[in-house]
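Q: The structure under discussion is supplied below as structure tokens; questions concerning it will follow.
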Amino acid sequence: MISLQQLTKVYGANSGGDHALSNVSLDIPNGDVFGIIGISGAGKSTLVRCINLLERPTSGKVVVDGVDVTGLTGSDLRSYRRRVAMIFQGFGLLAQKTALENVCFPFLAGTGRVTEENRRRARALLDEVGLADKASSYPAQLSGGQKQRVAIARALACEPEYILCDEATSALDPASTASVLSLLKKINRETGVTLVVITHSMSVVRDICKDVAVLVHGTVVETGAVDEVFAHPRHETTKALLGQVSWDE
């Protein structure tokens, strides 16, 4: 389980500071598909980057499976990050490498080399995401949905326990979005990997998530099972995101 305990992130603290996150406390159960939703500037991306420690929280803790990982450094930090993969909005693929080479990149980054066993696993992952025939293709030769599928295969390469999806479908057309969300649900169902889905789209939350937290100005204002939050939203921002009230009211 990922447990965020009074997580706070302040930028520019010497000049009074901008609180990107303020005392965020959340529990994300193992095997869950957990949505974190909010409008632009709510602190969603900062929150997910604190989970994998690309951003260090100013205060509070990130506790994973009972272990406080907040202060990890060196080899311990690298070992932790291998357990926590990330899928980005902009795909994050290396333009000069083929799909197969992109999926192999975590092996290269981790050990400095790519073995034939690594390549076999990468090919199997491309097959799993429906791109076995695109192994030799470069990102420029792929559609947006195909690029994101390669990114998902790359995220799976080191068999992570957690995958953080930061607006992973916001650059995709509706058909590609539906395809990628279906793939993520399948991966969660078959492997038990925990998905943390950062999004501004209530439809993405409805389609894939089991639980959701609503973030406003770096503060969690509502959390619970998706069905319950959708049926009985309490906070005005949640109602606005669901289209139940106007932003101008």
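Ligands are numbered from 1 in the order shown, residues from 1 within each chain, and chains are lettered A, B, ... in the order they appear in the structure tokens.
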Name the residues in contact with segment 36-52 of chain A at a cut-off of 6 Å, using only C-alpha atoms, excluding same-chain residues fewer than 2 positions from it; report them as a list in words.

A: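 Residues near the query, excluding close chain neighbours: Ala20, Leu54, Glu55, Arg56, Ile198, Thr199, His200, Val212, Ala213, Val214, Leu215, Val216, His217 and Gly218 of chain A.
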
Q: With 12 Å as the cut-off and only C-alpha atoms counted, what is the closest atom pair between each nearby residue of segment 147-212 of chain A and segment 124-132 of chain A? Distances in Å to one decimal, ordered by chain and number, as a tab-separated table.

A:
```
residue	atom	partner	partner_atom	distance
A:Lys147	CA	A:Leu131	CA	9.8
A:Gln148	CA	A:Val129	CA	9.8
A:Arg149	CA	A:Val129	CA	6.0
A:Val150	CA	A:Leu126	CA	6.9
A:Ala151	CA	A:Val129	CA	9.9
A:Ile152	CA	A:Val129	CA	7.8
A:Ala153	CA	A:Leu125	CA	5.4
A:Arg154	CA	A:Leu125	CA	8.0
A:Ala155	CA	A:Leu125	CA	9.8
A:Leu156	CA	A:Leu125	CA	7.5
A:Ala157	CA	A:Leu125	CA	7.4
A:Cys158	CA	A:Leu125	CA	10.8
A:Glu159	CA	A:Leu125	CA	10.7
A:Ser179	CA	A:Val129	CA	10.1
A:Val180	CA	A:Val129	CA	9.1
A:Leu181	CA	A:Val129	CA	11.7
A:Ser182	CA	A:Val129	CA	10.6
A:Leu183	CA	A:Val129	CA	7.2
A:Leu184	CA	A:Val129	CA	9.6
A:Lys186	CA	A:Val129	CA	10.1
A:Ile187	CA	A:Glu128	CA	9.4
A:Glu190	CA	A:Glu128	CA	11.5
```

Q: With C-alpha atoms kept, could you save the residues just selected as a CSV table (one decimal), in the first residue's frame?

A:
```csv
chain,number,residue,atom,x,y,z
A,147,LYS,CA,3.3,5.5,-28.8
A,148,GLN,CA,1.5,5.3,-25.5
A,149,ARG,CA,1.3,1.5,-25.8
A,150,VAL,CA,5.0,1.4,-26.2
A,151,ALA,CA,5.3,3.6,-23.1
A,152,ILE,CA,3.1,1.1,-21.2
A,153,ALA,CA,5.3,-1.8,-22.4
A,154,ARG,CA,8.4,0.0,-21.2
A,155,ALA,CA,6.7,0.7,-17.9
A,156,LEU,CA,6.1,-3.0,-17.5
A,157,ALA,CA,9.6,-4.0,-18.4
A,158,CYS,CA,11.0,-4.2,-14.8
A,159,GLU,CA,7.8,-5.8,-13.4
A,179,SER,CA,-8.0,1.5,-26.2
A,180,VAL,CA,-5.3,2.6,-23.8
A,181,LEU,CA,-7.7,2.6,-20.8
A,182,SER,CA,-8.9,-0.9,-21.7
A,183,LEU,CA,-5.3,-2.1,-21.9
A,184,LEU,CA,-4.5,-0.6,-18.4
A,186,LYS,CA,-6.5,-5.6,-18.4
A,187,ILE,CA,-2.9,-5.2,-17.0
A,190,GLU,CA,-4.1,-9.8,-14.8
```

Q: Contacts of Val33 of chain A at 8 Å or less, counting only C-alpha atoms, minus same-chain residues fewer than 4 places along, as a list in words?

A: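 Using only C-alpha atoms, the neighbours found are Asn188, Thr194, Leu195, Val196, Val197, Ile208, Cys209, Lys210 and Asp211 of chain A.
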
Q: Return the single residue from A:Thr115, A:Leu26, A:Ser79, A:Ser3 that is closest to Val63 of chain A, with distances computed using only C-alpha atoms.

A: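 Using only C-alpha atoms, the shortest distance to Val63 of chain A belongs to A:Ser3.
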
Q: Grab the atom CA of Arg113 of chain A to atom CA of Lys97 of chain A distance for me, in Å with one decimal place.

A: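 A separation of 15.0 Å between them.
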
Q: So, with only C-alpha atoms as the atoms that count, which of A:Gly90, A:Gly74, A:Gly192, A:Pro160 lies closest to Pro29 of chain A?

A: A:Gly192

Q: Can you pull out every residue from segment 69-110 of chain A that DSSP, working from the backbone, puts in helix (DSSP H, G or I), and format the result as number ranges by chain?

A: A: 74-83, 99-110

Q: Restricted to N, CA and C atoms, what would the selected residues look like written as a PDB file, in the first residue's frame?

A:
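Just written: selection_11.pdb:
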```
ATOM      1  N   GLY A  74      20.698   7.145  -3.247  1.00  0.00           N
ATOM      2  CA  GLY A  74      21.632   6.187  -3.827  1.00  0.00           C
ATOM      3  C   GLY A  74      20.972   4.923  -4.335  1.00  0.00           C
ATOM      4  N   SER A  75      21.590   3.785  -4.045  1.00  0.00           N
ATOM      5  CA  SER A  75      21.105   2.502  -4.560  1.00  0.00           C
ATOM      6  C   SER A  75      19.734   2.147  -4.000  1.00  0.00           C
ATOM      7  N   ASP A  76      19.446   2.571  -2.776  1.00  0.00           N
ATOM      8  CA  ASP A  76      18.123   2.301  -2.199  1.00  0.00           C
ATOM      9  C   ASP A  76      17.038   3.039  -2.974  1.00  0.00           C
ATOM     10  N   LEU A  77      17.328   4.280  -3.364  1.00  0.00           N
ATOM     11  CA  LEU A  77      16.368   5.058  -4.151  1.00  0.00           C
ATOM     12  C   LEU A  77      16.189   4.444  -5.531  1.00  0.00           C
ATOM     13  N   ARG A  78      17.267   4.034  -6.164  1.00  0.00           N
ATOM     14  CA  ARG A  78      17.165   3.406  -7.484  1.00  0.00           C
ATOM     15  C   ARG A  78      16.371   2.109  -7.411  1.00  0.00           C
ATOM     16  N   SER A  79      16.587   1.344  -6.356  1.00  0.00           N
ATOM     17  CA  SER A  79      15.849   0.097  -6.176  1.00  0.00           C
ATOM     18  C   SER A  79      14.359   0.378  -6.001  1.00  0.00           C
ATOM     19  N   TYR A  80      14.027   1.411  -5.231  1.00  0.00           N
ATOM     20  CA  TYR A  80      12.621   1.775  -5.029  1.00  0.00           C
ATOM     21  C   TYR A  80      11.982   2.211  -6.337  1.00  0.00           C
ATOM     22  N   ARG A  81      12.685   3.025  -7.110  1.00  0.00           N
ATOM     23  CA  ARG A  81      12.111   3.532  -8.356  1.00  0.00           C
ATOM     24  C   ARG A  81      11.870   2.435  -9.371  1.00  0.00           C
ATOM     25  N   ARG A  82      12.617   1.330  -9.274  1.00  0.00           N
ATOM     26  CA  ARG A  82      12.343   0.206 -10.168  1.00  0.00           C
ATOM     27  C   ARG A  82      10.996  -0.438  -9.848  1.00  0.00           C
ATOM     28  N   ARG A  83      10.527  -0.229  -8.633  1.00  0.00           N
ATOM     29  CA  ARG A  83       9.223  -0.763  -8.237  1.00  0.00           C
ATOM     30  C   ARG A  83       8.078   0.145  -8.665  1.00  0.00           C
ATOM     31  N   ALA A  99      10.888   0.977 -31.219  1.00  0.00           N
ATOM     32  CA  ALA A  99       9.966   0.590 -30.149  1.00  0.00           C
ATOM     33  C   ALA A  99      10.610  -0.451 -29.240  1.00  0.00           C
ATOM     34  N   LEU A 100      11.264  -1.443 -29.846  1.00  0.00           N
ATOM     35  CA  LEU A 100      11.926  -2.475 -29.053  1.00  0.00           C
ATOM     36  C   LEU A 100      13.024  -1.878 -28.177  1.00  0.00           C
ATOM     37  N   GLU A 101      13.818  -0.985 -28.731  1.00  0.00           N
ATOM     38  CA  GLU A 101      14.896  -0.360 -27.961  1.00  0.00           C
ATOM     39  C   GLU A 101      14.353   0.513 -26.843  1.00  0.00           C
ATOM     40  N   ASN A 102      13.224   1.169 -27.078  1.00  0.00           N
ATOM     41  CA  ASN A 102      12.603   1.966 -26.022  1.00  0.00           C
ATOM     42  C   ASN A 102      12.134   1.087 -24.872  1.00  0.00           C
ATOM     43  N   VAL A 103      11.547  -0.058 -25.187  1.00  0.00           N
ATOM     44  CA  VAL A 103      11.086  -0.960 -24.130  1.00  0.00           C
ATOM     45  C   VAL A 103      12.274  -1.549 -23.373  1.00  0.00           C
ATOM     46  N   CYS A 104      13.390  -1.722 -24.065  1.00  0.00           N
ATOM     47  CA  CYS A 104      14.599  -2.249 -23.426  1.00  0.00           C
ATOM     48  C   CYS A 104      15.334  -1.210 -22.591  1.00  0.00           C
ATOM     49  N   PHE A 105      14.973   0.065 -22.749  1.00  0.00           N
ATOM     50  CA  PHE A 105      15.761   1.122 -22.103  1.00  0.00           C
ATOM     51  C   PHE A 105      15.861   0.979 -20.584  1.00  0.00           C
ATOM     52  N   PRO A 106      14.801   0.565 -19.850  1.00  0.00           N
ATOM     53  CA  PRO A 106      14.955   0.388 -18.402  1.00  0.00           C
ATOM     54  C   PRO A 106      16.040  -0.614 -18.026  1.00  0.00           C
ATOM     55  N   PHE A 107      16.221  -1.646 -18.849  1.00  0.00           N
ATOM     56  CA  PHE A 107      17.294  -2.602 -18.589  1.00  0.00           C
ATOM     57  C   PHE A 107      18.658  -1.941 -18.781  1.00  0.00           C
ATOM     58  N   LEU A 108      18.780  -1.150 -19.843  1.00  0.00           N
ATOM     59  CA  LEU A 108      20.034  -0.445 -20.111  1.00  0.00           C
ATOM     60  C   LEU A 108      20.339   0.545 -19.003  1.00  0.00           C
ATOM     61  N   ALA A 109      19.323   1.279 -18.562  1.00  0.00           N
ATOM     62  CA  ALA A 109      19.524   2.266 -17.509  1.00  0.00           C
ATOM     63  C   ALA A 109      19.878   1.609 -16.183  1.00  0.00           C
ATOM     64  N   GLY A 110      19.323   0.435 -15.939  1.00  0.00           N
ATOM     65  CA  GLY A 110      19.547  -0.227 -14.660  1.00  0.00           C
ATOM     66  C   GLY A 110      20.861  -0.965 -14.550  1.00  0.00           C
TER      67      GLY A 110
END
```

Q: Show me, as a PyMOL selection string, the residues that have an atom within 6 Å of Ala168 of chain A when counting only C-alpha atoms, minus same-chain residues fewer than 3 positions from it.

A: chain A and resi 88-89+165

Q: Using DSSP on the backbone coordinates, identify all residues within segment 57-170 of chain A classified as strand (DSSP E); present the result as a list in words.

A: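 After running DSSP on the backbone, segment 57-170 of chain A has strand (DSSP E) at Ser59, Gly60, Lys61, Val62, Val63, Val64, Val67, Asp68, Val84, Ala85, Met86, Ile87, Phe88, Tyr162, Ile163, Leu164, Cys165 and Asp166 of chain A.
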
Q: Which is closest to Val69 of chain A among A:Gln5, A:Asn118, A:Met202, A:Gly112, if we use only C-alpha atoms?

A: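 Of all the options, A:Gln5 lies closest to Val69 of chain A.
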
Q: Looking at A:Ala95, A:Ala122, A:Val229, A:Ala175, which one is nearest to Ala140 of chain A, with distances taken over only C-alpha atoms?

A: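 Among A:Ala95, A:Ala122, A:Val229, A:Ala175, it is A:Ala95 that comes nearest to Ala140 of chain A.
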
Q: Just give me the gap between atom CA of Val221 of chain A and atom CA of His235 of chain A in Å, one decimal is fine.

A: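 That distance, rounded to one decimal, is 6.8 Å.
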
Q: Could you state the separation of atom CA of Thr111 of chain A and atom CA of Lys134 of chain A in Å, given to one decimal place?

A: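 Atom-to-atom, atom CA of Thr111 of chain A and atom CA of Lys134 of chain A are spaced 25.1 Å apart.
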